[in-house]
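**Q** Sharing a structure, written as structure tokens. Questions coming.
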Amino acid sequence: MFDMRPEYKLYKFNNFKTNLKNLLEACKNPKKAKLKWATSLARHLLKEDIINGRIKDGMDPTEVYQGRPEFQQFPFKNFKTNFENLMQNILLQFDRLQSDCDAFGHDLAIIEEIRRDAPVATPWHKSEARKLLRRDVEGGKHHQLWPIEMYQSEAAYREFSLEVFRNHIYQERDRLERKEHRFKKKQERSRHPAGIISQAPTRSEKEKRRKRTAKKN
């Protein structure tokens, strides 16, 4: 066999002979991989059966052990210990889950009661403060007073925070400026905008222009 391949001759004959003997022994008596309970299919199936209610607390470990062939891949003594530990662990998790659900339901009931008793806040767009602020901004009051002074001038304003009120001052100011800008643009596009009619040429001036044009022609 040593002469069958040139690659074998890269090693000394005695070493090759020893390695060949060890390899043949390994092929005749292969070592079985040792099953680990933590990553085994048996543990997964046992946990699934407990959660689904197929296996209940207090059941005879022998009866459980005989229920699946995957369980019998482990010695009964080891399986019994693992079964009892897993059952206690799952029951503890169920108790914690029930405790968390009860606490959540209690807290949710308190929140719902607070919301039910709390006064309903009026949104800005439906409030009296919006009407008053629009009136004050159109009257130029925002140029005369600081935001804090305007805020303190009306009780309706104080139903909202100062920050919210200040932001709405800026919004109303911008709205008014856009409105004035659109009005000016509309005047410029108009056929007879205000102020232009008074500057229109008189009839005599029109005749003079017509005569000048005729002379040029």
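In the structure tokens, chains take letters A, B, ... by order of appearance, with residues numbered from 1 within each chain and ligands from 1 in the order shown.
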At a cut-off of 12 Å, using only C-alpha atoms, what residues contact segment 54-60 of chain A? Leave out same-chain residues fewer than 2 positions from it and give the result as a PyMOL selection string.

**A** chain A and resi 45-52+62-68+80+83-91

**Q** Using only C-alpha atoms, which residues of segment 78-192 of chain A come within 10 Å of segment 32-41 of chain A, and what is the closest atom pair for each, with the distance in Å to one decimal? Give it as CSV, sorted by chain and residue number.

**A**
```
residue,atom,partner,partner_atom,distance
A:Asn78,CA,A:Trp37,CA,9.3
A:Phe79,CA,A:Trp37,CA,8.8
A:Asn82,CA,A:Trp37,CA,8.2
```

**Q** What would the file look like if the residues just selected were written as a short mmCIF file (atom, residue, chain, number, x, y, z; two decimals), in the first residue's frame with C-alpha atoms?

**A**
```cif
data_model
loop_
_atom_site.label_atom_id
_atom_site.label_comp_id
_atom_site.auth_asym_id
_atom_site.auth_seq_id
_atom_site.Cartn_x
_atom_site.Cartn_y
_atom_site.Cartn_z
CA ASN A 78 -30.69 11.89 34.19
CA PHE A 79 -34.00 12.39 32.36
CA ASN A 82 -33.90 17.25 33.89
#
```

**Q** List every residue of chain A that DSSP, applied to the backbone of this structure, assigns to alpha helix (DSSP H), and report them as a VMD selection string.

**A** chain A and resid 13 to 28 41 to 52 61 to 65 76 to 117 128 to 138 141 to 144 147 to 153 162 to 189 203 to 216

**Q** Between atom CA of Ile111 of chain A and atom CA of Glu159 of chain A, what distance in Å does the model show, to one decimal?

**A**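 Atom CA of Ile111 of chain A sits 23.3 Å away from atom CA of Glu159 of chain A.
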
**Q** Using only C-alpha atoms, which residue out of A:Leu92, A:Cys101, A:Arg130, A:Lys184 lies closest to His168 of chain A?

**A**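 Checking each of A:Leu92, A:Cys101, A:Arg130, A:Lys184 against His168 of chain A, counting only C-alpha atoms, the winner is A:Arg130.
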
**Q** Between atom CA of Ile114 of chain A and atom CA of Asp102 of chain A, what is the distance, to one decimal in Å?

**A**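 Going from atom CA of Ile114 of chain A over to atom CA of Asp102 of chain A, I get 18.8 Å.
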
**Q** In Å, rounded to a single decimal, give me how far atom CA of Phe160 of chain A is from atom CA of Arg175 of chain A.

**A**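 Those two atoms sit 20.4 Å apart.
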